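Q: Take a look at query-v6.cif, mmCIF, C-alpha atoms:
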```
data_target
#
loop_
_atom_site.label_atom_id
_atom_site.label_comp_id
_atom_site.auth_asym_id
_atom_site.auth_seq_id
_atom_site.Cartn_x
_atom_site.Cartn_y
_atom_site.Cartn_z
CA MET J 1461 0.00 0.00 0.00
CA SER J 1462 1.33 3.42 -0.88
CA TYR J 1463 2.00 5.99 1.84
CA LEU J 1464 -0.91 8.12 0.67
CA LYS J 1465 -3.31 5.18 0.59
CA LYS J 1466 -2.32 4.27 4.13
CA ILE J 1467 -3.27 7.74 5.32
CA ILE J 1468 -6.55 7.63 3.44
CA TYR J 1469 -7.60 4.29 4.92
CA ASN J 1470 -6.33 4.68 8.45
CA CYS J 1471 -9.26 5.97 10.50
CA LYS J 1472 -7.65 4.68 13.69
CA GLN J 1473 -4.71 7.02 13.21
CA ALA J 1474 -6.96 9.87 12.04
CA THR J 1475 -9.18 9.67 15.14
CA PHE J 1476 -6.04 9.52 17.28
CA LEU J 1477 -4.86 12.77 15.70
CA ILE J 1478 -8.33 14.31 16.09
CA GLU J 1479 -8.13 13.67 19.83
CA LYS J 1480 -4.56 14.87 20.11
CA LYS J 1481 -5.34 18.05 18.22
CA GLN J 1482 -7.98 19.04 20.76
CA LEU J 1483 -5.34 19.09 23.49
CA LYS J 1484 -2.07 19.87 21.78
CA ARG J 1485 -0.61 21.39 18.65
CA LEU J 1486 0.03 18.74 16.01
CA SER J 1487 3.33 18.51 14.21
CA PHE J 1488 3.36 19.75 10.62
CA ARG J 1489 3.38 16.23 9.28
CA GLU J 1490 0.52 15.11 11.54
CA GLU J 1491 -1.52 18.14 10.55
CA ILE J 1492 -1.08 17.41 6.83
CA GLU J 1493 -1.92 13.73 7.29
CA LEU J 1494 -5.09 14.59 9.18
CA ARG J 1495 -6.19 17.08 6.53
CA ILE J 1496 -5.63 14.62 3.72
CA HIS J 1497 -7.60 12.00 5.59
CA LEU J 1498 -10.50 14.28 6.47
CA ALA J 1499 -10.74 15.53 2.88
CA GLY J 1500 -11.74 12.04 1.82
CA CYS J 1501 -13.41 10.47 4.86
CA GLY J 1502 -16.92 11.55 5.77
CA MET J 1503 -17.02 9.16 8.73
CA CYS J 1504 -14.04 10.79 10.42
CA VAL J 1505 -15.41 14.25 9.62
CA LEU J 1506 -18.51 13.20 11.53
CA TYR J 1507 -16.37 11.69 14.31
CA ASN J 1508 -14.48 14.97 14.59
CA LYS J 1509 -17.67 16.96 14.96
CA GLN J 1510 -19.18 14.55 17.50
CA SER J 1511 -15.96 14.36 19.48
CA HIS J 1512 -15.97 18.12 19.99
CA ILE J 1513 -19.62 18.07 21.01
CA ILE J 1514 -18.95 15.28 23.52
CA ASN J 1515 -16.26 17.40 25.17
CA THR J 1516 -18.68 20.27 25.58
CA MET J 1517 -21.36 17.90 26.90
CA VAL J 1518 -19.03 16.36 29.48
CA GLN J 1519 -17.87 19.77 30.69
CA GLN J 1520 -21.46 20.95 30.91
CA LEU J 1521 -22.43 17.80 32.78
CA PHE J 1522 -19.79 18.33 35.47
CA HIS J 1523 -20.49 22.02 35.65
CA ASP J 1524 -24.25 21.55 36.05
CA SER J 1525 -23.92 18.84 38.64
CA LEU J 1526 -22.17 21.30 40.96
CA ARG J 1527 -25.48 23.13 41.12
CA SER J 1528 -27.52 20.01 41.69
CA GLU J 1529 -30.04 19.47 44.44
CA LEU J 1530 -28.14 16.64 46.07
CA LYS J 1531 -26.96 17.81 49.47
CA LEU J 1532 -25.28 16.35 52.50
CA ASP J 1533 -27.66 15.53 55.31
CA GLU J 1534 -27.77 17.92 58.22
CA ASN J 1535 -26.76 15.34 60.85
CA PHE J 1536 -23.58 14.57 58.99
CA LYS J 1537 -22.84 18.27 58.68
CA ALA J 1538 -23.43 18.91 62.37
CA GLU J 1539 -21.09 16.08 63.34
CA LEU J 1540 -18.51 17.33 60.93
CA GLN J 1541 -18.62 20.86 62.27
CA ALA J 1542 -18.34 19.44 65.81
CA LYS J 1543 -15.17 17.60 64.76
CA ILE J 1544 -13.75 20.79 63.33
CA GLU J 1545 -14.55 22.73 66.49
CA GLU J 1546 -12.89 19.99 68.51
CA GLY J 1547 -9.81 20.23 66.28
CA LEU J 1548 -9.77 24.00 66.69
CA GLY J 1549 -9.98 23.63 70.46
CA ASN J 1550 -6.87 21.48 70.49
CA ASN J 1551 -4.76 24.04 68.69
CA MET Q 841 -4.27 43.43 49.21
CA ILE Q 842 -5.92 40.75 51.24
CA SER Q 843 -9.62 40.57 50.61
CA GLU Q 844 -12.05 39.15 53.11
CA ASN Q 845 -12.34 36.00 51.03
CA ASN Q 846 -8.72 35.17 51.65
CA VAL Q 847 -9.06 34.73 55.37
CA LEU Q 848 -9.89 31.34 56.82
CA ALA Q 849 -13.02 30.92 58.90
CA PRO Q 850 -13.19 27.26 59.97
CA HIS Q 851 -16.28 27.86 62.09
CA LYS Q 852 -18.21 28.44 58.89
CA TRP Q 853 -16.55 25.81 56.69
CA VAL Q 854 -19.25 23.18 56.83
CA ALA Q 855 -22.12 25.59 56.30
CA THR Q 856 -20.38 27.33 53.42
CA TYR Q 857 -18.49 24.64 51.53
CA ALA Q 858 -19.60 21.13 52.55
CA ASP Q 859 -22.28 20.76 49.87
CA TYR Q 860 -20.06 22.22 47.17
CA LEU Q 861 -17.14 19.92 48.02
CA TYR Q 862 -19.48 16.95 48.27
CA MET Q 863 -20.82 17.53 44.75
CA TYR Q 864 -17.32 18.18 43.46
CA ALA Q 865 -16.24 14.79 44.76
CA ILE Q 866 -19.33 12.86 43.81
CA VAL Q 867 -19.28 13.69 40.11
CA ARG Q 868 -15.67 12.58 39.99
CA ILE Q 869 -15.84 9.35 41.95
CA ASN Q 870 -19.52 8.48 41.79
CA ASP Q 871 -19.73 6.99 45.28
CA GLU Q 872 -21.74 8.82 47.96
CA ASP Q 873 -20.11 7.28 51.03
CA LEU Q 874 -16.63 7.75 49.71
CA ALA Q 875 -17.47 11.35 48.77
CA LYS Q 876 -18.63 12.01 52.33
CA ASP Q 877 -15.40 10.58 53.71
CA LEU Q 878 -13.35 12.74 51.38
CA VAL Q 879 -15.19 15.90 52.44
CA GLN Q 880 -14.49 15.09 56.07
CA GLU Q 881 -10.85 14.27 55.37
CA THR Q 882 -10.50 17.50 53.43
CA PHE Q 883 -11.69 19.66 56.32
CA LEU Q 884 -9.56 17.80 58.86
CA ALA Q 885 -6.48 18.01 56.66
CA ALA Q 886 -7.17 21.70 56.07
CA LEU Q 887 -7.41 22.26 59.80
CA GLU Q 888 -3.93 20.85 60.26
CA ARG Q 889 -2.44 23.26 57.79
CA VAL Q 890 -4.38 26.38 58.62
CA ASP Q 891 -1.14 28.13 59.54
CA ARG Q 892 0.28 27.40 56.12
CA PHE Q 893 -2.54 29.19 54.31
CA GLU Q 894 -1.01 32.27 52.74
CA GLY Q 895 -4.10 33.97 51.48
CA ARG Q 896 -3.02 33.77 47.86
CA SER Q 897 -6.22 32.02 46.86
CA THR Q 898 -9.75 32.10 48.17
CA GLU Q 899 -10.74 29.77 50.96
CA ARG Q 900 -12.87 27.77 48.52
CA THR Q 901 -10.05 27.35 46.00
CA TRP Q 902 -7.71 26.28 48.78
CA LEU Q 903 -10.13 23.68 50.15
CA THR Q 904 -10.91 22.41 46.65
CA ALA Q 905 -7.20 21.92 45.97
CA ILE Q 906 -6.91 19.74 49.06
CA LEU Q 907 -9.94 17.72 47.96
CA LYS Q 908 -8.50 17.35 44.44
CA ASN Q 909 -5.41 15.67 45.84
CA LYS Q 910 -7.56 13.30 47.84
CA ILE Q 911 -9.54 12.42 44.71
CA ILE Q 912 -6.31 11.69 42.84
CA ASP Q 913 -5.34 9.32 45.67
CA VAL Q 914 -8.62 7.50 45.07
CA TYR Q 915 -8.01 7.34 41.31
CA ARG Q 916 -4.56 5.98 41.98
CA LYS Q 917 -5.78 3.32 44.38
CA LYS Q 918 -8.52 2.27 41.98
CA SER Q 919 -6.11 1.86 39.11
CA SER Q 920 -2.91 0.89 40.91
CA GLY Q 921 -1.22 -2.06 39.29
CA LEU Q 922 -4.01 -1.99 36.77
CA ALA Q 923 -2.46 0.78 34.74
CA VAL Q 924 -0.57 -1.57 32.48
CA ALA Q 925 -3.47 -3.97 32.24
CA ALA Q 926 -5.83 -1.13 31.40
CA ALA Q 927 -3.56 0.14 28.66
CA ASN Q 928 -3.33 -3.34 27.19
CA LYS Q 929 -7.05 -3.70 27.40
CA ALA Q 930 -7.30 -0.39 25.57
CA THR Q 931 -5.26 -1.78 22.70
CA GLN Q 932 -7.45 -4.85 22.44
CA GLU Q 933 -10.72 -2.98 22.60
CA GLN Q 934 -9.58 -0.57 19.96
CA ASP Q 935 -9.21 -3.45 17.56
CA GLU Q 936 -12.91 -4.00 17.93
CA PHE Q 937 -13.59 -0.66 16.31
CA PHE Q 938 -10.98 -0.59 13.56
CA ASP Q 939 -9.79 -3.07 10.97
CA GLU Q 940 -6.54 -4.61 12.17
CA GLY Q 941 -4.91 -4.42 8.77
CA ASN Q 942 -5.52 -0.92 7.49
CA GLY Q 943 -7.09 0.85 10.49
CA HIS Q 944 -10.36 1.56 8.68
CA TRP Q 945 -13.61 1.74 10.68
CA LYS Q 946 -15.33 -1.62 10.92
CA SER Q 947 -18.70 -1.06 9.31
CA GLU Q 948 -20.73 -1.84 12.46
CA TYR Q 949 -18.82 0.81 14.44
CA ALA Q 950 -18.63 3.50 11.78
CA PRO Q 951 -19.83 6.85 13.12
CA GLN Q 952 -23.43 7.65 12.36
CA PRO Q 953 -25.31 10.84 13.12
CA ILE Q 954 -26.54 10.92 16.73
CA ALA Q 955 -29.83 12.78 16.85
CA GLY Q 956 -30.04 15.15 19.77
CA MET Q 957 -26.40 16.12 19.55
CA ASP Q 958 -26.91 19.03 17.21
CA GLU Q 959 -30.48 19.76 18.14
CA GLN Q 960 -31.44 22.33 20.69
CA ASP Q 961 -34.36 20.33 22.04
CA PRO Q 962 -33.82 20.38 25.84
CA LEU Q 963 -35.66 17.09 26.37
CA LEU Q 964 -33.51 15.24 23.86
CA GLN Q 965 -30.39 16.74 25.37
CA LYS Q 966 -31.43 15.70 28.84
CA GLU Q 967 -31.88 12.12 27.68
CA LEU Q 968 -28.56 12.19 25.89
CA ASN Q 969 -26.86 13.54 29.02
CA LYS Q 970 -28.20 10.62 31.04
CA ILE Q 971 -26.77 8.17 28.55
CA LEU Q 972 -23.47 10.05 28.55
CA GLN Q 973 -23.28 9.70 32.32
CA LEU Q 974 -23.81 5.95 32.12
CA CYS Q 975 -21.23 5.67 29.35
CA LEU Q 976 -18.68 7.59 31.44
CA GLN Q 977 -19.23 5.21 34.34
CA LYS Q 978 -18.61 2.23 32.08
CA LEU Q 979 -15.10 3.39 31.23
CA PRO Q 980 -12.28 1.64 33.13
CA ALA Q 981 -11.34 3.63 36.27
CA LEU Q 982 -7.99 4.77 34.91
CA TRP Q 983 -9.44 6.00 31.61
CA ASN Q 984 -12.18 7.84 33.43
CA ALA Q 985 -9.61 9.49 35.70
CA VAL Q 986 -7.36 10.53 32.82
CA PHE Q 987 -10.29 11.75 30.76
CA THR Q 988 -11.86 13.76 33.59
CA MET Q 989 -8.61 15.31 34.76
CA LYS Q 990 -7.81 16.45 31.24
CA HIS Q 991 -11.16 17.50 29.83
CA VAL Q 992 -12.93 18.76 32.94
CA ASP Q 993 -10.15 19.91 35.26
CA ASP Q 994 -7.86 20.95 32.43
CA ALA Q 995 -4.83 19.52 34.24
CA ALA Q 996 -1.40 19.57 32.57
CA THR Q 997 -0.57 16.33 30.77
CA GLU Q 998 2.71 15.96 32.69
CA HIS Q 999 0.84 16.35 35.96
CA ILE Q 1000 -1.68 13.63 35.05
CA CYS Q 1001 1.07 11.26 33.94
CA THR Q 1002 3.00 11.75 37.17
CA GLU Q 1003 0.02 11.49 39.47
CA LEU Q 1004 -1.53 8.45 37.82
CA HIS Q 1005 1.74 6.75 36.87
CA VAL Q 1006 1.14 6.53 33.14
CA THR Q 1007 3.66 7.24 30.40
CA GLN Q 1008 3.06 10.02 27.88
CA ALA Q 1009 2.52 7.43 25.15
CA ASN Q 1010 -0.08 5.63 27.25
CA PHE Q 1011 -1.71 8.93 28.08
CA TRP Q 1012 -2.48 9.64 24.42
CA VAL Q 1013 -3.61 6.08 23.83
CA ILE Q 1014 -6.02 6.35 26.76
CA ILE Q 1015 -7.32 9.79 25.69
CA HIS Q 1016 -8.03 8.40 22.23
CA ARG Q 1017 -9.62 5.18 23.36
CA ALA Q 1018 -11.74 6.74 26.05
CA LYS Q 1019 -13.31 9.04 23.47
CA VAL Q 1020 -13.79 6.37 20.79
CA ASN Q 1021 -15.51 4.24 23.43
CA LEU Q 1022 -17.66 7.06 24.74
CA ARG Q 1023 -18.81 8.00 21.27
CA ALA Q 1024 -19.59 4.40 20.35
CA CYS Q 1025 -21.47 3.93 23.62
CA LEU Q 1026 -23.60 7.02 22.92
CA GLN Q 1027 -24.37 5.87 19.41
CA LYS Q 1028 -25.23 2.35 20.52
CA ASN Q 1029 -27.54 3.39 23.33
CA TRP Q 1030 -29.18 6.26 21.56
CA ASN Q 1031 -30.12 5.00 18.13
#
```
Give the structure from the file, written as structure tokens.
A:
Amino acid sequence: MSYLKKIIYNCKQATFLIEKKQLKRLSFREEIELRIHLAGCGMCVLYNKQSHIINTMVQQLFHDSLRSELKLDENFKAELQAKIEEGLGNN
Amino acid sequence: MISENNVLAPHKWVATYADYLYMYAIVRINDEDLAKDLVQETFLAALERVDRFEGRSTERTWLTAILKNKIIDVYRKKSSGLAVAAANKATQEQDEFFDEGNGHWKSEYAPQPIAGMDEQDPLLQKELNKILQLCLQKLPALWNAVFTMKHVDDAATEHICTELHVTQANFWVIIHRAKVNLRACLQKNWN
């Protein structure tokens, strides 16, 4: 298989570069390989788009959950504060 | 200038920060009892180093940093000794998705449009979020830790590698595989 054909077929490598690119600058060679691949592969173009959306969704999920309704129960909190007061008393 | 926020007030810690720290822990380790323990340990550890607080960050940031380290300890325990096994498993599972010879998508795993991802319909998005949460929990502990530290906490790659004892090469492999798995899991459970 020619070098070019390998790039065109290799979705495993292309998705690897898609992930890397979201976190780090690709080398010149990697960047070119990814562009060549994406120019001819609709599946990886779709993967690229979905991968970015998933990142946003995950960040949103963690962010939103910090404002969730789930709270510690009051007994646990009271005991905890008592332990802290006890610790403060010892200092 | 020292603002009021940068002074410690342990008498108010529980009332002010306990719920916040609890949620912070629970979304990262997904275990209510363990999250409770970590909140308690965080306050007690903070108490011991009150005199080392220099007021350079807010009280909340300072407490969160202590909690973060405790969460990393949990990640490490969960994946200790398993790091190598998990990376190997990653290699194997990846071969499920791609042709071993040329690396092309296997037809049954090829990306398809996932309705709800591009749409603004809040109901669809809510459903999709639920599935995403389940898919995240299905990831091996080490992958989940690496993925969360990088994408949610925006930690430096070197820091993650040191804390979780993974090599740089394994780091990128895990980042890749975690996402390929997540995406496939969403597609499978949505369509």
Q: Running the PyMOL selection byres ((chain Q) within 7 of (chain J)) on this model by hand, what would come out? Give it as a PyMOL selection string.
A: chain Q and resi 851+854+859-860+863-864+867+880+884+938+942-945+950-951+991-992+1016
Q: Find the spatial neighbours of Ile1000 of chain Q, counting all atoms listed in the file, within a cut-off of 8 Å - ignore same-chain residues fewer than 5 positions away - and output them as a PyMOL selection string.
A: chain Q and resi 986+989-990+995+1005-1006
Q: Nearest to Asp871 of chain Q: which of Q:Lys1028, Q:Arg896, Q:Ile911, Q:Arg916 is it, counting all atoms listed in the file?
A: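 So, comparing all the options, the nearest one is Q:Ile911.
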Q: Anything within 8 Å of (-10.8, 16.8, 51.9): list those residues as number ranges by chain, counting only C-alpha atoms and sticking to the file's coordinates.
A: Q: 877-886, 903-904, 906-908, 910
Q: If I take atom CA of Lys1481 of chain J and atom CA of Thr997 of chain Q, how far is one from the other in Å, to one decimal?
A: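 Computing it gives 13.5 Å between the two atoms.
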Q: What's the 12 Å shell around Leu979 of chain Q, counting all atoms listed in the file, without same-chain residues fewer than 3 positions away, as a PyMOL selection string?
A: chain Q and resi 926+929-930+933+972-976+982-988+1014-1015+1017-1025
Q: Write the residues you've just listed into a file as a PDB file, in the coordinates of the input, and include C-alpha atoms for each of them.
A:
```pdb
ATOM      1  CA  ALA Q 926      -5.830  -1.130  31.400  1.00  0.00           C
ATOM      2  CA  LYS Q 929      -7.050  -3.700  27.400  1.00  0.00           C
ATOM      3  CA  ALA Q 930      -7.300  -0.390  25.570  1.00  0.00           C
ATOM      4  CA  GLU Q 933     -10.720  -2.980  22.600  1.00  0.00           C
ATOM      5  CA  LEU Q 972     -23.470  10.050  28.550  1.00  0.00           C
ATOM      6  CA  GLN Q 973     -23.280   9.700  32.320  1.00  0.00           C
ATOM      7  CA  LEU Q 974     -23.810   5.950  32.120  1.00  0.00           C
ATOM      8  CA  CYS Q 975     -21.230   5.670  29.350  1.00  0.00           C
ATOM      9  CA  LEU Q 976     -18.680   7.590  31.440  1.00  0.00           C
ATOM     10  CA  LEU Q 982      -7.990   4.770  34.910  1.00  0.00           C
ATOM     11  CA  TRP Q 983      -9.440   6.000  31.610  1.00  0.00           C
ATOM     12  CA  ASN Q 984     -12.180   7.840  33.430  1.00  0.00           C
ATOM     13  CA  ALA Q 985      -9.610   9.490  35.700  1.00  0.00           C
ATOM     14  CA  VAL Q 986      -7.360  10.530  32.820  1.00  0.00           C
ATOM     15  CA  PHE Q 987     -10.290  11.750  30.760  1.00  0.00           C
ATOM     16  CA  THR Q 988     -11.860  13.760  33.590  1.00  0.00           C
ATOM     17  CA  ILE Q1014      -6.020   6.350  26.760  1.00  0.00           C
ATOM     18  CA  ILE Q1015      -7.320   9.790  25.690  1.00  0.00           C
ATOM     19  CA  ARG Q1017      -9.620   5.180  23.360  1.00  0.00           C
ATOM     20  CA  ALA Q1018     -11.740   6.740  26.050  1.00  0.00           C
ATOM     21  CA  LYS Q1019     -13.310   9.040  23.470  1.00  0.00           C
ATOM     22  CA  VAL Q1020     -13.790   6.370  20.790  1.00  0.00           C
ATOM     23  CA  ASN Q1021     -15.510   4.240  23.430  1.00  0.00           C
ATOM     24  CA  LEU Q1022     -17.660   7.060  24.740  1.00  0.00           C
ATOM     25  CA  ARG Q1023     -18.810   8.000  21.270  1.00  0.00           C
ATOM     26  CA  ALA Q1024     -19.590   4.400  20.350  1.00  0.00           C
ATOM     27  CA  CYS Q1025     -21.470   3.930  23.620  1.00  0.00           C
TER      28      CYS Q1025
END
```
Q: Please, what distance in Å, to one decimal, runs between atom CA of Ala955 of chain Q and atom CA of Ile971 of chain Q?
A: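 If I compute the distance from atom CA of Ala955 of chain Q to atom CA of Ile971 of chain Q, I get 12.9 Å.
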Q: Using Å and a single decimal, report how far atom CA of Leu848 of chain Q sits from atom CA of Arg892 of chain Q.
A: 10.9 Å
